[in-house]
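Colleague: This is the structure I have questions about; it appears just below.
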Amino acid sequence: MDSTMQRTPLLISSLLRYGTLVHADQKVITWTGEGSRSITYRQVGEQAGQLAHALRSLGVTGDQRVGTFMWNNAEHLITYLAVPSMGAVLHALNIRLFPPQIIYVANHADDRVVIVDNTLAKPFAGLLPHLPRVQHVIVNGPIDAETHAALQDPAHVESVHDWTELLAGQPTAYDWPLDLDEDSASSMCYTSGTTGNPKGVAYSHRSNYLHAVTAALALGARQDDRLLVVVPLFHANAWGFPYLAMAAGASLVMPDRFLQAAPLAAMMEQEKVTFGAGVPTIWNDLLRHLDTSPADLSACRGLVVGGSAAPPALMKAFQTKHDVTIIHAWGMTEMSPIGTVATPPAHLEVGSDDYWRYAASQGRLVVGVEGRLVGPDDEVAPWDGESVGELQVRGPWITGSYYANGAESEVERMEMESKFQDGWLRTGDVGTLTPDGFLVLTDRAKDVIKSGGEWISSVDLENAIMAHPNVQEASVVGVPDERWGERPLASVVLRPSATAGVAEIREWLATQLPKWMLPERWAVIDEVPKTSVGKFDKKVLRKQYAAGELEVQSLD
Ligand code: ADP
């Protein structure tokens with residue numbers, strides 16, 4: 001029997017039209033350093049219309065790619081909405097990748113037009129000669145004549161435009177096409193390429209729409225929210241925030257390039273931020289800043305933390321010192337990205353041991369995402385909270401393959417295909433699932449430390465070390481060991497006020513953990529190296545250790 005329901009395609013333009021019409025007075029606030037500038041969702045809709053007309057006038061048609069090289073600000077949000085809504089494909093470039101990787105990614109995606117923030121125009125001008133397919137550059141904000149000339153210089157660049165001038169005079173209404181296929185690509189994102197070239201994922205209108213609605217539900221986004229989007233719009237589809245804000249009608253606070261703890265605290269206080277999103281490093285910095293420079297965070301009910309494991313010590317400190325709930329979430333670029341969100345079951349008393357066990361887990365699978373654990377023997381492991389396996393996932397916003405343009409080598413193609421098994425995505429993450437669908441990750445498969453017959457979770461060790469009051473940050477990697485194959489190396493950043501050294505920290509750790517887990521190798525470092533999206537860069541630590549660049553103390 002056929003249903004009698006209307007068949008309406010799920011399109012980004014539906015989210016754009018809904019948000020800018022029904023929630024027209026909501027705001028996008030962009031931090032400017034001293035204060036902020038603000039536009040309404042109505043204006044977002046009008047400028048999105050103008051941008052779409054302008055892009056058409058530059059020849060953008062069909063599914064051509066429009067790249068961005070921008071911070072999180074109102075213009076980036078407008079681009080996020082306008083480009084897919086007109087049928088083109090948005091590609092937010094990761095401004096923090098190494099130049100060869102940015103060049104690879106922009107060429108691989110075939111970006112034709114790139115929109116660039118004025119504060120990033122100079123570094124972009126250095127990349128542009130290597131991006132032969134880029135015909136137009138649109139600059140958001142004023143630039144000097146020299147930078148303009150550098151952008152205009154490569155022969156393949158037809159013209160360089162100023163955002164405001166380009167949009168001025170364009171009609172504010174755009175007839176967003178309704179006959180787009182909901183399965184066609186709306187945007188794309190590349191992984192940060194921890195090994196080899198970054199891999200591209202093409203999201204569809206449908207996947208983004210369904211992800212936005214589910215993310216809004218799972219995170220409890222509300223119309224009275226003011227969401228601070230610290231996660232860059234180029235990282236893992238911005239965790240869905242541009243689209244979920246439209247769905248929930250929540251206002252947005254965009255930090256632009258002011259990502260240090262002091263401006264973040266200032267914008268949270270001044271803009272009465274209610275909820276935010278970012279990787280643990282950001283919130284860890286903020287927490288330390290607040291210890292010495294208090295700010296009023298009373299409007300803030302929660303911060304969603306993902307991208308790497310949220311240390312329980314961080315979660316508890318925010319809760320007890322600032323009454324801010326850290327909501328742990330897990331996902332991947334390949335998953336749009338949200339897979340799990342750690343909202344403890346409602347019957348648990350806040351602050352009880354059981355509550356923290358759930359809150360500190362990676363979270364419960366969200367509706368739409370199916371998970372299975374595959375053990376070392378390729379057997380599917382039960383959801384008993386104990387059996388360990390690699391997590392595999394499937395669902396409507398999980399990619400079924402990586403984006404390929406035909407130029408990939410045979411090895412790359414095989415590597416890309418190896419990430420899928422019978423319609424499931426292999427996440428490369430190892431852990432357990434409880435009977436009620438909570439995921440506890442022990443590690444990334446490649447970071448697990450294989451010591452003799454035991455597997456040691458580098459994340460468990462990091463969390464345990466970071467719970468010591470004298471430790472600011474700690475990262476643990478496996479290093480070769482003659483006797484055990486591999487043993488943990490702990491690299492520790494001490495707080496400026498630290499009274500204990502690593503020997504005392506190790507002694508203290510011995511009261512918390514079994515002896516076989518305790519690292520014998522310790523290094524005190526100034527800062528844990530970070531990846532382009534602010535995660536601990538274990539690759540760099542391993543290299544530094546192998547090259548003898550770390551001052552390692554042996555403690556037994
Ligand atoms: P990249 O692979 O370039 O680092 P992603 O942000 O897509 O970019 O990385 C996804 C990976 O990040 C996951 O497979 C997982 O290993 C890690 N990750 C994400 N969220 C969490 C979390 N809450 N806890 C532990 N690891 C996480």
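Labeling convention for the structure tokens: chains A, B, ... as they appear, residues from 1 per chain, ligands from 1 in order of appearance.
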I'd like the contact shell of region 70-78 of chain A - 8 Å cut-off, only C-alpha atoms, skipping same-chain residues fewer than 3 positions apart - returned as a ChimeraX atom specification.
Modeller: /A:28-31,39,44-45,47-48,81-82,92-93,95,115-117,120,140,229-230,232-233,242,254-257
Colleague: Determine which residues of region 67-294 of chain A DSSP labels as alpha helix (DSSP H) from the backbone of this structure, then write them out as a count of residues only.
Modeller: 89
Colleague: Which residues are close to Pro123 (chain A), i.e. within 10 Å by only C-alpha atoms, leaving aside same-chain residues fewer than 2 positions away? Reply as a list in words.
Modeller: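 Counting only C-alpha atoms, the residues come to Phe69, Ile95, Pro99, Thr119, Leu120, Ala121, Ala125, Gly126, Leu127, Leu128 and Thr147 of chain A.
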Colleague: Please provide the set of residues having any atom within 8 Å of Glu182 (chain A), restricted to only C-alpha atoms, with same-chain residues fewer than 4 positions apart removed, written as a ChimeraX atom specification.
Modeller: /A:9-11,204-206
Colleague: Please measure the separation of CA of Lys538 (chain A) and CA of Gln553 (chain A), giving the value in Å to one decimal.
Modeller: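 So the two atoms, CA of Lys538 (chain A) and CA of Gln553 (chain A), lie 18.7 Å apart.
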Colleague: Ranking A:Leu518, A:Asp481, A:Leu439, A:Gly331 by minimum distance to Gly452 (chain A) and counting only C-alpha atoms, which one comes first?
Modeller: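 With only C-alpha atoms as the atom set, the closest residue is A:Asp481.
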Colleague: Of the candidates A:Leu287, A:Ala342, A:Ile465, A:Leu365, which shows the shortest atom-to-atom distance to Leu489 (chain A), using only C-alpha atoms?
Modeller: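 Between A:Leu287, A:Ala342, A:Ile465, A:Leu365, the residue approaching Leu489 (chain A) most closely is A:Ile465.
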Colleague: Please write out the residues within 6 Å of ligand 1 as a list in words, counting only C-alpha atoms and all ligand atoms.
Modeller: Thr191, Ser192, Gly193, Ala236, Gly306, Gly307, Ser308, Ala309, His328, Ala329, Trp330, Gly331, Met332, Thr333, Gln362, Thr427, Asp429 and Arg444 of chain A
Colleague: Go through A:Tyr358, A:Trp176, A:Phe241, A:Tyr402 and flag the residue nearest Cys189 (chain A), using only C-alpha atoms for the distances.
Modeller: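 Once distances to Cys189 (chain A) are computed over only C-alpha atoms, the minimum belongs to A:Tyr402.
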Colleague: Looking at only C-alpha atoms, which of A:Pro100, A:Gly200, A:Gly389, A:Gly276 is the one that sits closest to Ser251 (chain A)?
Modeller: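 Looking only at the distances to Ser251 (chain A), the closest residue turns out to be A:Gly276.
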Colleague: For Trp383 (chain A), find every residue with an atom within 6 Å (counting only C-alpha atoms), except residues of its own chain fewer than 2 positions away, and show them as a PyMOL selection string.
Modeller: chain A and resi 385+433-435
Colleague: Go ahead and save the residues from that selection, with N, CA, C and O atoms, as a PDB file, in the first residue's frame.
Modeller:
```pdb
ATOM      1  N   GLY A 385      28.724  -4.027  27.940  1.00  0.00           N
ATOM      2  CA  GLY A 385      29.534  -3.086  28.707  1.00  0.00           C
ATOM      3  C   GLY A 385      30.926  -3.615  29.008  1.00  0.00           C
ATOM      4  O   GLY A 385      31.708  -2.946  29.671  1.00  0.00           O
ATOM      5  N   LEU A 433      29.992  -1.259  24.384  1.00  0.00           N
ATOM      6  CA  LEU A 433      28.649  -0.677  24.398  1.00  0.00           C
ATOM      7  C   LEU A 433      27.884  -1.296  25.553  1.00  0.00           C
ATOM      8  O   LEU A 433      27.974  -2.514  25.786  1.00  0.00           O
ATOM      9  N   THR A 434      27.144  -0.476  26.288  1.00  0.00           N
ATOM     10  CA  THR A 434      26.325  -1.009  27.375  1.00  0.00           C
ATOM     11  C   THR A 434      25.001  -1.502  26.783  1.00  0.00           C
ATOM     12  O   THR A 434      24.642  -1.120  25.658  1.00  0.00           O
ATOM     13  N   PRO A 435      24.237  -2.298  27.545  1.00  0.00           N
ATOM     14  CA  PRO A 435      22.960  -2.779  27.006  1.00  0.00           C
ATOM     15  C   PRO A 435      22.024  -1.627  26.633  1.00  0.00           C
ATOM     16  O   PRO A 435      21.180  -1.774  25.752  1.00  0.00           O
TER      17      PRO A 435
END
```
Colleague: Would you please work out which residue, of A:Tyr80, A:Thr499, A:Leu90, A:Gly67, is nearest to Arg133 (chain A) when using only C-alpha atoms?
Modeller: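 Using only C-alpha atoms, the shortest distance to Arg133 (chain A) belongs to A:Gly67.
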Colleague: Which polymer residues have any atom within 12 Å of an atom of His53 (chain A), counting only C-alpha atoms, with same-chain residues fewer than 5 positions away left out, as a list in words?
Modeller: Glu46, Gln47, Ala48, Leu58, Gly59, Val60, Thr61, Ala82, Val83, Ser85, Met86, Leu166, Leu167, Ala168, Gly169, Gln170, Pro171, Thr172, Ala173, Tyr174, Asp175 and Trp176 of chain A
Colleague: If you count only C-alpha atoms, which residues fall within 7 Å of Leu244 (chain A), apart from same-chain ones fewer than 2 positions away, as a VMD selection string?
Modeller: chain A and resid 212 to 213 215 to 216 240 to 242 246 to 248
Colleague: Quick one: write out the picked residues with C-alpha atoms as a compact mmCIF listing (two decimals), in the first residue's frame?
Modeller:
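Output file selection.txt is given in full below:
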```txt
# COMPACT_ATOMS: atom_id res chain seq x y z
CA ALA A 212 20.42 18.76 11.97
CA VAL A 213 17.05 17.76 13.33
CA ALA A 215 21.39 16.88 16.64
CA ALA A 216 18.98 19.59 17.80
CA GLY A 240 25.84 20.42 12.45
CA PHE A 241 25.53 23.75 14.31
CA PRO A 242 24.71 26.08 11.37
CA MET A 246 18.04 27.09 11.92
CA ALA A 247 15.96 24.05 12.89
CA ALA A 248 15.77 25.04 16.58
```
Colleague: Would you mind telling me which residue in A:Ala52, A:Ser401, A:Ser298, A:Gly431 lies nearest to Pro376 (chain A) when using only C-alpha atoms?
Modeller: A:Gly431
Colleague: Any idea what the distance is between CA of Gly62 (chain A) and CA of Ile398 (chain A)?
Modeller: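 Separation of CA of Gly62 (chain A) and CA of Ile398 (chain A): 24.0 Å.
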Colleague: What does the structure give for the distance between CA of Trp283 (chain A) and CA of Lys535 (chain A), in Å to one decimal?
Modeller: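 Between CA of Trp283 (chain A) and CA of Lys535 (chain A) the gap is 12.3 Å.
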